[in-house]
>>> print(open('data-v4.txt').read())   # compact mmCIF, C-alpha atoms
# COMPACT_ATOMS: atom_id res chain seq x y z
CA MET A 27 131.01 71.51 111.50
CA THR A 28 131.81 74.91 110.08
CA ARG A 29 129.34 76.93 108.06
CA PHE A 30 131.36 76.29 104.90
CA GLU A 31 131.30 72.52 105.50
CA ALA A 32 127.54 72.65 105.99
CA VAL A 33 126.99 74.75 102.86
CA ARG A 34 129.17 72.39 100.83
CA LEU A 35 127.17 69.38 102.05
CA ILE A 36 123.88 71.04 101.14
CA ARG A 37 125.24 72.16 97.79
CA GLU A 38 126.43 68.61 96.97
CA TRP A 39 123.16 67.13 98.17
CA ALA A 40 121.18 69.39 95.81
CA PRO A 41 123.24 69.60 92.63
CA ASP A 42 120.31 70.40 90.38
CA ASP A 43 118.06 72.47 92.64
CA PRO A 44 117.91 76.27 92.83
CA VAL A 45 119.44 77.71 95.99
CA VAL A 46 118.85 81.24 97.31
CA ALA A 47 121.61 82.46 99.64
CA SER A 48 121.55 85.20 102.24
CA LEU A 49 123.92 88.09 101.76
CA GLY A 50 127.40 87.94 103.21
CA HIS A 51 128.99 84.76 104.41
CA PRO A 52 126.25 82.27 103.39
CA ALA A 53 126.41 83.59 99.80
CA TYR A 54 130.22 83.62 99.89
CA ASP A 55 130.29 80.01 101.05
CA LEU A 56 127.75 78.92 98.45
CA PHE A 57 129.93 80.48 95.76
CA ALA A 58 133.08 78.87 97.19
CA SER A 59 131.38 75.48 97.32
CA GLY A 60 130.72 75.62 93.58
CA ASP A 61 129.42 78.46 91.49
CA ARG A 62 126.61 77.65 89.08
CA ASP A 63 123.70 79.36 87.39
CA LEU A 64 121.16 77.97 89.90
CA ASN A 65 122.80 79.83 92.80
CA PHE A 66 120.98 83.06 93.59
CA TYR A 67 123.30 85.29 95.63
CA THR A 68 121.71 88.20 97.43
CA TRP A 69 123.89 91.25 98.05
CA GLY A 70 121.40 93.09 100.26
CA SER A 71 117.85 92.84 101.61
CA MET A 72 118.93 91.10 104.81
CA GLY A 73 116.14 88.87 106.07
CA LEU A 74 114.42 88.24 102.77
CA THR A 75 116.20 85.06 101.67
CA SER A 76 113.49 82.70 102.87
CA SER A 77 110.83 84.98 101.37
CA ILE A 78 112.52 85.02 97.96
CA ALA A 79 112.77 81.23 98.08
CA LEU A 80 109.11 81.04 99.12
CA GLY A 81 108.06 83.10 96.10
CA LEU A 82 110.03 80.90 93.77
CA ALA A 83 108.60 77.76 95.36
CA LEU A 84 105.08 79.11 94.86
CA ALA A 85 105.73 80.05 91.23
CA ARG A 86 107.41 76.76 90.35
CA PRO A 87 105.89 73.92 92.38
CA ALA A 88 107.78 71.27 90.40
CA LEU A 89 111.15 72.59 91.62
CA ALA A 90 112.75 71.79 94.95
CA VAL A 91 113.74 75.23 96.23
CA HIS A 92 116.26 75.73 99.00
CA ALA A 93 117.15 78.80 101.04
CA LEU A 94 120.45 79.29 102.84
CA ASP A 95 119.56 81.75 105.56
CA GLY A 96 121.41 82.89 108.65
CA ASP A 97 120.18 83.12 112.22
CA GLY A 98 120.66 86.89 112.32
CA SER A 99 118.99 87.25 108.95
CA LEU A 100 115.95 85.15 109.76
CA LEU A 101 115.53 87.07 113.01
CA MET A 102 115.04 90.20 110.87
CA ASN A 103 111.98 88.65 109.20
CA LEU A 104 110.43 86.18 111.62
CA GLY A 105 107.02 86.84 110.09
CA ALA A 106 108.30 84.86 107.11
CA LEU A 107 107.92 81.70 109.20
CA ALA A 108 104.22 82.43 109.72
CA THR A 109 103.74 83.01 106.00
CA ILE A 110 105.60 79.83 105.08
CA GLY A 111 103.50 77.94 107.61
CA ASN A 112 100.35 79.51 106.20
CA LEU A 113 101.06 78.94 102.51
CA ALA A 114 102.83 75.63 103.17
CA PRO A 115 104.60 74.98 99.85
CA ALA A 116 105.68 71.34 99.81
CA ASN A 117 108.75 72.16 97.71
CA LEU A 118 110.50 74.62 100.01
CA ALA A 119 113.34 73.91 102.44
CA VAL A 120 114.85 76.71 104.51
CA PHE A 121 118.26 75.96 106.00
CA VAL A 122 119.17 78.33 108.80
CA LEU A 123 122.93 78.41 109.18
CA ASP A 124 122.95 79.14 112.89
CA ASN A 125 126.36 80.18 114.17
CA GLY A 126 125.01 82.35 116.97
CA VAL A 127 126.77 85.44 115.65
CA TYR A 128 126.43 88.14 113.04
CA GLY A 129 129.39 86.65 111.20
CA THR A 130 129.58 89.06 108.30
CA THR A 131 129.64 92.14 110.53
CA GLY A 132 132.29 91.11 113.02
CA GLY A 133 130.89 88.32 115.15
CA GLN A 134 128.49 90.12 117.46
CA PRO A 135 126.34 87.50 119.26
CA THR A 136 122.79 86.90 118.04
CA PRO A 137 119.90 85.94 120.33
CA THR A 138 120.35 82.27 119.34
CA SER A 139 123.61 82.33 121.31
CA ARG A 140 121.49 83.03 124.39
CA GLY A 141 118.83 80.43 123.79
CA ALA A 142 116.53 81.78 121.09
CA ASP A 143 115.34 78.64 119.27
CA LEU A 144 114.51 79.14 115.62
CA GLU A 145 113.36 75.56 115.10
CA ALA A 146 110.81 76.03 117.89
CA ALA A 147 109.78 79.32 116.28
CA ALA A 148 109.21 77.57 112.96
CA ARG A 149 107.10 74.89 114.63
CA ALA A 150 105.13 77.47 116.57
CA MET A 151 104.35 79.22 113.28
CA GLY A 152 102.74 76.10 111.85
CA ILE A 153 105.65 74.56 109.96
CA ALA A 154 105.31 70.85 110.62
CA ARG A 155 108.64 69.59 109.29
CA THR A 156 111.52 70.99 111.27
CA ALA A 157 114.88 69.80 112.53
CA THR A 158 117.98 71.02 114.29
CA ALA A 159 121.08 69.44 112.80
CA ARG A 160 124.38 69.19 114.66
CA GLY A 161 127.54 67.87 113.06
CA GLU A 162 127.96 66.42 109.60
CA ASN A 163 126.08 63.24 110.40
CA GLY A 164 123.22 65.22 111.85
CA LEU A 165 123.04 67.32 108.72
CA ARG A 166 123.18 64.25 106.46
CA GLN A 167 120.26 62.75 108.38
CA ALA A 168 118.29 65.96 108.07
CA LEU A 169 118.96 66.18 104.35
CA ALA A 170 117.75 62.63 103.87
CA ALA A 171 114.58 63.50 105.77
CA VAL A 172 114.02 66.60 103.64
CA ARG A 173 114.22 64.48 100.49
CA GLU A 174 111.83 61.92 101.95
CA ALA A 175 108.99 64.02 103.32
CA PRO A 176 107.25 66.96 101.66
CA GLY A 177 107.85 70.39 103.13
CA PRO A 178 107.87 73.12 103.89
CA TRP A 179 110.95 72.32 105.93
CA VAL A 180 112.93 74.50 108.28
CA VAL A 181 116.26 72.97 109.24
CA VAL A 182 118.37 74.84 111.77
CA VAL A 183 121.97 73.85 111.13
CA LYS A 184 124.24 74.53 114.07
CA VAL A 185 127.59 75.64 112.67
CA GLU A 186 130.81 77.34 113.66
CA GLU A 187 131.81 80.51 111.93
CA SER A 188 134.45 80.02 109.24
CA ALA A 189 136.36 82.64 107.27
CA PRO A 190 134.98 82.93 103.75
CA THR A 191 137.44 82.26 100.97
CA ALA A 192 135.75 83.73 97.90
CA ARG A 193 133.12 86.22 96.81
CA PRO A 194 130.32 85.69 94.32
CA PRO A 195 129.95 87.89 91.25
CA LEU A 196 128.96 91.45 92.10
CA ASP A 197 126.75 92.03 89.08
CA CYS A 198 123.21 91.63 90.43
CA VAL A 199 121.56 91.59 87.02
CA PHE A 200 123.97 88.93 85.81
CA ILE A 201 123.15 86.80 88.86
CA LYS A 202 119.44 87.15 88.24
CA GLN A 203 119.46 86.69 84.50
CA ARG A 204 121.52 83.53 84.49
CA PHE A 205 119.46 82.13 87.38
CA MET A 206 116.23 82.75 85.49
CA ALA A 207 117.68 81.40 82.25
CA ALA A 208 118.69 78.21 84.08
CA LEU A 209 115.06 77.93 85.22
CA GLY A 210 113.86 78.40 81.67
CA GLN A 211 112.58 81.95 82.20
CA GLU A 212 113.05 84.80 79.72
CA MET B 28 89.45 76.13 106.11
CA THR B 29 90.25 78.59 103.35
CA ASP B 30 92.63 77.74 100.55
CA PRO B 31 95.83 79.62 101.41
CA GLN B 32 96.72 79.89 97.73
CA ARG B 33 93.56 81.88 97.26
CA ASP B 34 93.10 83.20 100.70
CA HIS B 35 90.81 86.17 100.33
CA PRO B 36 87.66 84.96 102.03
CA PRO B 37 84.68 87.26 101.84
CA GLY B 38 85.75 90.31 103.84
CA PRO B 39 83.90 93.28 105.30
CA SER B 40 83.03 94.43 101.78
CA ALA B 41 81.62 91.08 100.67
CA GLY B 42 78.18 91.42 99.18
CA SER B 43 78.37 95.20 99.15
CA ALA B 44 78.90 97.02 95.88
CA VAL B 45 82.53 97.11 94.82
CA PRO B 46 83.50 100.74 94.07
CA SER B 47 84.40 101.41 90.45
CA TRP B 48 88.03 102.26 91.27
CA ALA B 49 88.46 98.88 93.01
CA ALA B 50 86.83 96.98 90.17
CA GLY B 51 89.11 98.88 87.79
CA VAL B 52 92.29 98.09 89.72
CA ALA B 53 91.31 94.42 89.86
CA ALA B 54 90.53 94.36 86.15
CA GLY B 55 93.83 96.06 85.39
CA LEU B 56 95.76 93.52 87.44
CA ALA B 57 94.05 90.62 85.69
CA ALA B 58 94.46 92.17 82.24
CA ALA B 59 98.16 92.79 82.92
CA GLY B 60 98.72 89.14 83.74
CA CYS B 61 99.40 89.86 87.41
CA HIS B 62 98.06 86.54 88.62
CA ASP B 63 100.05 86.60 91.86
CA VAL B 64 99.02 89.38 94.21
CA LEU B 65 100.56 89.82 97.65
CA TYR B 66 98.96 92.07 100.19
CA VAL B 67 99.11 93.45 103.68
CA PRO B 68 95.53 94.39 104.53
CA ASP B 69 94.01 97.81 104.55
CA ASN B 70 90.37 98.90 104.44
CA PRO B 71 90.34 100.33 100.90
CA LEU B 72 92.39 97.39 99.63
CA SER B 73 89.70 95.02 100.88
CA HIS B 74 87.50 96.29 98.03
CA ILE B 75 90.17 95.26 95.50
CA LEU B 76 90.51 91.85 97.14
CA GLU B 77 86.73 91.45 96.97
CA ALA B 78 86.71 92.46 93.29
CA LEU B 79 89.44 89.92 92.57
CA ARG B 80 87.58 87.22 94.48
CA ARG B 81 84.34 87.96 92.70
CA ASP B 82 85.44 88.74 89.14
CA HIS B 83 88.94 87.35 88.58
CA PRO B 84 89.26 83.82 89.92
CA GLY B 85 92.54 83.35 88.04
CA VAL B 86 94.31 85.83 90.30
CA ARG B 87 95.83 84.30 93.44
CA THR B 88 96.09 86.57 96.46
CA ARG B 89 98.39 85.84 99.36
CA LEU B 90 98.79 87.55 102.70
CA ALA B 91 102.21 88.73 103.86
CA THR B 92 102.94 89.70 107.46
CA ARG B 93 104.87 92.80 106.45
CA GLU B 94 105.31 94.75 103.24
CA GLU B 95 109.06 94.13 103.09
CA GLU B 96 108.38 90.40 103.23
CA ALA B 97 105.86 90.80 100.41
CA MET B 98 108.61 92.33 98.27
CA GLY B 99 110.86 89.34 98.90
CA ILE B 100 108.10 86.90 97.98
CA ALA B 101 107.34 88.98 94.90
CA ALA B 102 110.98 88.83 93.86
CA GLY B 103 110.93 85.05 94.13
CA LEU B 104 107.71 84.85 92.16
CA HIS B 105 109.35 86.87 89.41
CA LEU B 106 112.39 84.57 89.39
CA GLY B 107 109.93 81.77 88.75
CA GLY B 108 108.31 83.57 85.82
CA ALA B 109 105.32 85.26 87.46
CA ARG B 110 104.25 88.90 87.26
CA PRO B 111 103.79 89.89 90.88
CA ALA B 112 101.93 92.81 92.37
CA VAL B 113 101.94 94.03 95.97
CA LEU B 114 98.96 95.80 97.54
CA MET B 115 99.80 97.88 100.59
CA GLN B 116 98.94 101.00 102.51
CA SER B 117 101.25 104.00 102.17
CA SER B 118 102.53 103.39 105.71
CA GLY B 119 103.71 99.99 104.48
CA LEU B 120 105.92 101.54 101.85
CA GLY B 121 108.06 102.70 104.75
CA ASN B 122 108.57 99.05 105.68
CA THR B 123 109.89 98.16 102.24
CA LEU B 124 112.66 100.64 101.56
CA ASN B 125 115.65 98.35 101.89
CA ALA B 126 113.93 95.65 99.85
CA ILE B 127 113.39 98.15 97.04
CA GLY B 128 116.86 99.63 97.27
CA SER B 129 118.93 96.49 97.71
CA LEU B 130 116.87 93.85 95.92
CA LEU B 131 114.30 95.09 93.41
CA VAL B 132 116.22 97.99 91.88
CA PRO B 133 119.75 96.56 91.62
CA TYR B 134 118.54 93.15 90.39
CA GLN B 135 116.04 94.77 87.98
CA ILE B 136 113.15 92.81 89.44
CA PRO B 137 109.87 94.16 88.07
CA LEU B 138 107.02 94.81 90.45
CA LEU B 139 103.71 96.59 90.37
CA MET B 140 102.75 98.27 93.63
CA VAL B 141 99.23 99.39 94.43
CA ILE B 142 99.36 101.81 97.34
CA SER B 143 96.30 103.04 99.18
CA MET B 144 97.17 106.43 100.57
CA ARG B 145 96.96 107.66 104.12
CA GLY B 146 97.99 111.09 105.24
CA ASP B 147 96.72 112.91 102.18
CA ALA B 148 93.59 115.07 101.83
CA GLY B 149 90.81 113.59 103.93
CA GLU B 150 93.13 112.19 106.60
CA TRP B 151 92.12 112.50 110.27
CA ASN B 152 95.07 110.72 111.95
CA ALA B 153 98.18 112.85 112.46
CA ALA B 154 100.36 109.76 112.80
CA GLN B 155 99.61 108.88 109.18
CA VAL B 156 100.57 112.24 107.71
CA PRO B 157 104.40 112.26 107.66
CA MET B 158 104.76 108.87 105.96
CA GLY B 159 101.94 109.71 103.58
CA ARG B 160 103.72 112.89 102.58
CA ALA B 161 106.95 110.97 102.07
CA VAL B 162 105.51 108.45 99.60
CA VAL B 163 106.04 110.45 96.42
CA PRO B 164 109.50 111.79 97.38
CA VAL B 165 110.58 108.25 98.36
CA LEU B 166 109.38 106.78 95.07
CA ASP B 167 111.10 109.62 93.21
CA ALA B 168 114.31 108.99 95.13
CA PHE B 169 114.33 105.43 93.81
CA GLY B 170 113.32 106.57 90.33
CA ILE B 171 110.08 104.61 90.53
CA GLU B 172 107.29 105.75 88.22
CA HIS B 173 104.05 106.53 90.03
CA LEU B 174 100.60 107.63 88.97
CA ALA B 175 97.62 108.52 91.13
CA VAL B 176 94.13 107.41 90.16
CA GLU B 177 91.84 110.42 90.36
CA ARG B 178 88.61 108.84 89.12
CA GLY B 179 87.29 105.32 89.16
CA GLU B 180 87.11 105.02 85.41
CA GLU B 181 90.86 105.70 85.14
CA ALA B 182 91.88 102.85 87.41
CA GLU B 183 92.07 99.96 84.96
CA GLY B 184 94.01 101.89 82.35
CA THR B 185 96.41 103.32 84.92
CA VAL B 186 97.18 99.90 86.39
CA LEU B 187 97.62 98.41 82.95
CA ALA B 188 99.97 101.16 81.76
CA LEU B 189 102.10 100.92 84.92
CA ALA B 190 102.22 97.14 84.63
CA HIS B 191 103.32 97.46 81.03
CA LEU B 192 106.15 99.73 82.11
CA ALA B 193 107.20 97.51 85.01
CA PHE B 194 107.16 94.14 83.29
CA GLY B 195 108.22 95.41 79.90
CA THR B 196 111.29 97.25 81.16
CA ARG B 197 112.16 95.29 84.33
CA THR B 198 111.49 98.14 86.66
CA GLN B 199 109.05 98.99 89.44
CA ALA B 200 105.93 101.11 89.20
CA ALA B 201 103.40 102.35 91.73
CA CYS B 202 99.69 103.05 91.37
CA LEU B 203 98.60 105.45 94.13
CA LEU B 204 95.03 105.44 95.38
CA PRO B 205 94.34 108.81 97.05
CA ARG B 206 92.09 108.92 100.05
CA ARG B 207 89.61 111.22 98.34
CA LEU B 208 89.10 108.36 95.86
CA THR B 209 88.90 105.49 98.35
CA VAL B 210 87.26 107.18 101.37
CA PRO B 211 85.33 110.22 100.15
CA VAL B 212 84.59 112.75 102.86
CA ARG B 213 80.86 113.16 103.21
CA GLY B 214 80.61 116.32 105.27
CA GLY B 215 81.53 117.17 108.85
CA VAL B 216 85.03 117.10 110.29
CA ALA B 217 86.53 114.16 112.16
>>> encode(input="data-v4.txt", output="C-alpha cells")
Amino acid sequence: MTRFEAVRLIREWAPDDPVVASLGHPAYDLFASGDRDLNFYTWGSMGLTSSIALGLALARPALAVHALDGDGSLLMNLGALATIGNLAPANLAVFVLDNGVYGTTGGQPTPTSRGADLEAAARAMGIARTATARGENGLRQALAAVREAPGPWVVVVKVEESAPTARPPLDCVFIKQRFMAALGQE
Amino acid sequence: MTDPQRDHPPGPSAGSAVPSWAAGVAAGLAAAGCHDVLYVPDNPLSHILEALRRDHPGVRTRLATREEEAMGIAAGLHLGGARPAVLMQSSGLGNTLNAIGSLLVPYQIPLLMVISMRGDAGEWNAAQVPMGRAVVPVLDAFGIEHLAVERGEEAEGTVLALAHLAFGTRTQAACLLPRRLTVPVRGGVA
C-alpha cells in the first residue's frame, strides 16, 4: 500500500470529518485524494500536526478529528504523544503514515526504518487505543476499530513512498479561513 | 487523580498569597475570554496558575511538554473557535520559533503569550542571559507586539489590551513579566 492509497482510504472513510495534514507529501496526497474545506494543509511547523489536531479535538469534542502525520514529523514532537495520552480526547485519531523515510526531502531513512516503533511509543505514553496497519485490509480493519471505540487513537500505517501528483493551495489564510468556516467558526 | 482538562492542582504557591501581578494576569486572561490556557511550568507562572485555579474556574489550563507543542495545540484550539493563551518562560520562546514563523504568522492564527522573563535584571544564572536578551529582538523580528508589566496593578489591563489586539486582528501578542516584578531582589548578591 502506498502512502497515497492509504490517504485516499482514510479520506473516503471520513468524508465529513476535519483532517489536519502534515506538510509535504501527506498534505499533497490529502489534496490529491479530494480537496475540500475540511482539509487543513500545513505548509510548515513540521511535527505539530498531531498537536494542532489535539487542540481542535479539545475545542470541539463533538467532532471526530483526524491527523495525517508522518513518521519523521512525529519524531520531531514525540512529547505530543505524552500530552495526547494525558489529555485523552476521545475524538482524536492520529494516523502516522510511516514510510521509514523523510519522503519530502529526498528519502533519507528515518529511525523507524531501523526499528523505532511509534505504536509502542504511543502505548508507552498512555494512549490505550493503538494499532499498526499493514496493507489495505489492515488499514480498513483499523479504521473500523477507530469508528467503534473511543480514542484517542494512534494508528501507525505502514506505507511505501509514492510520488505526489498535486499540491494544495499555497494561501495559508485561505486554507485556515475556509476550514474554520466549514466548522462554523467566524 | 486530577482532571486533565483542568490540571493545575494546588502547586507550591497554593495557600500562599497570590502576588498582585499574578492575580492581574489571571483576571486579564479570564476577562479576555482566554478560557484555554496552555503552559510549560515555571516558578513565577505557578502563581498565575494558582490564581486561575482559585479565582477563575472557567479557565481550563493544560500542560504541554514543550512550548512549540503548546503553540500547535493553541493553533488547533483557535481553529475550533477558542481564544488560546500560552504561558511560558523566556527560554521557552526559543523552542517556539518555527511554530511562530511557519504556522501562527502565515496562517494569521491569533495567540496571546505570557512570558516570564529570565536573563533580565535580577538574574543569577548566566545560561539564562543570552536567550533572555534575545526575547524582544525575536518578537520584533516577527512583528509581534509586546508589552512588559512593570507594576502589579498594570497586569490585568496589559493582558486585556494585548488580547484585544491578538484576537481582534488575528495576530500574536506577548505580555512580558520581568524578573524584577516576579522575583524581587531582596538584598545581597547571589
>>> closest_residue(input="data-v4.txt", among="B:Thr209, B:Gln199, B:Gln155, B:Ser47", to="Leu130 of chain B", atoms="all atoms listed in the file")
B:Gln199
>>> closest_residue(input="data-v4.txt", among="A:Phe121, A:Tyr67, A:Phe57, A:Trp39", to="His92 of chain A", atoms="only C-alpha atoms")
A:Phe121
>>> closest_residue(input="data-v4.txt", among="B:Arg197, B:Leu72, B:Trp151, B:Pro164", to="chain A", atoms="all atoms listed in the file")
B:Arg197
>>> interface_residues(input="data-v4.txt", of="chain A", to="chain B", cutoff="6 Å", atoms="all atoms listed in the file", output="list in words")
Gly70, Ser71, Leu74, Ser77, Ile78, Ala79, Gly81, Leu82, Ala85, Arg86, Gly105, Leu113, Cys198, Val199, Met206 and Gln211 of chain A
>>> closest_residue(input="data-v4.txt", among="A:Leu64, A:Ala170, A:Val185, A:Leu118", to="Ala88 of chain A", atoms="all atoms listed in the file")
A:Leu118
>>> atom_distance(input="data-v4.txt", atom1="atom CA of Pro46 of chain B", atom2="atom CA of Ala161 of chain B")
26.8 Å
>>> residues_around(input="data-v4.txt", residues="Ser48 of chain A", least_positions_apart="5", cutoff="8 Å", atoms="only C-alpha atoms", output="ChimeraX atom specification")
/A:53,67-69,72-75,93-96,99
>>> write_last_selection(input="data-v4.txt", atoms="C-alpha atoms", output="mmCIF file, in the coordinates of the input")
data_model
loop_
_atom_site.group_PDB
_atom_site.id
_atom_site.type_symbol
_atom_site.label_atom_id
_atom_site.label_comp_id
_atom_site.auth_asym_id
_atom_site.auth_seq_id
_atom_site.Cartn_x
_atom_site.Cartn_y
_atom_site.Cartn_z
ATOM 1 C CA ALA A 53 126.410 83.590 99.800
ATOM 2 C CA TYR A 67 123.300 85.290 95.630
ATOM 3 C CA THR A 68 121.710 88.200 97.430
ATOM 4 C CA TRP A 69 123.890 91.250 98.050
ATOM 5 C CA MET A 72 118.930 91.100 104.810
ATOM 6 C CA GLY A 73 116.140 88.870 106.070
ATOM 7 C CA LEU A 74 114.420 88.240 102.770
ATOM 8 C CA THR A 75 116.200 85.060 101.670
ATOM 9 C CA ALA A 93 117.150 78.800 101.040
ATOM 10 C CA LEU A 94 120.450 79.290 102.840
ATOM 11 C CA ASP A 95 119.560 81.750 105.560
ATOM 12 C CA GLY A 96 121.410 82.890 108.650
ATOM 13 C CA SER A 99 118.990 87.250 108.950
#
>>> residues_around(input="data-v4.txt", residues="Gly159 of chain B", least_positions_apart="2", cutoff="9 Å", atoms="only C-alpha atoms", output="VMD selection string")
chain B and resid 117 to 118 144 to 147 155 to 157 161 to 163
>>> closest_residue(input="data-v4.txt", among="B:Val113, B:Leu79, B:Val86, B:Met158", to="Gly51 of chain B", atoms="only C-alpha atoms")
B:Leu79
>>> closest_atom_pairs(input="data-v4.txt", of="segment 73-109 of chain A", to="segment 138-142 of chain A", cutoff="10 Å", atoms="only C-alpha atoms", output="Markdown table")
| residue | atom | partner | partner_atom | distance |
| --- | --- | --- | --- | --- |
| A:Asp97 | CA | A:Thr138 | CA | 7.2 |
| A:Gly98 | CA | A:Thr138 | CA | 8.4 |
| A:Leu101 | CA | A:Thr138 | CA | 9.3 |
>>> residues_around(input="data-v4.txt", residues="Pro211 of chain B", least_positions_apart="3", cutoff="12 Å", atoms="all atoms listed in the file", output="ChimeraX atom specification")
/B:46,71,147-150,177-178,204-208,214-215
>>> atom_distance(input="data-v4.txt", atom1="atom CA of Pro44 of chain A", atom2="atom CA of Ala171 of chain A")
18.5 Å
>>> closest_residue(input="data-v4.txt", among="A:Thr130, A:Val91, A:Asn112, A:Phe205", to="Val172 of chain A", atoms="only C-alpha atoms")
A:Val91
>>> atom_distance(input="data-v4.txt", atom1="atom CA of Pro195 of chain A", atom2="atom CA of Asp61 of chain A")
9.4 Å
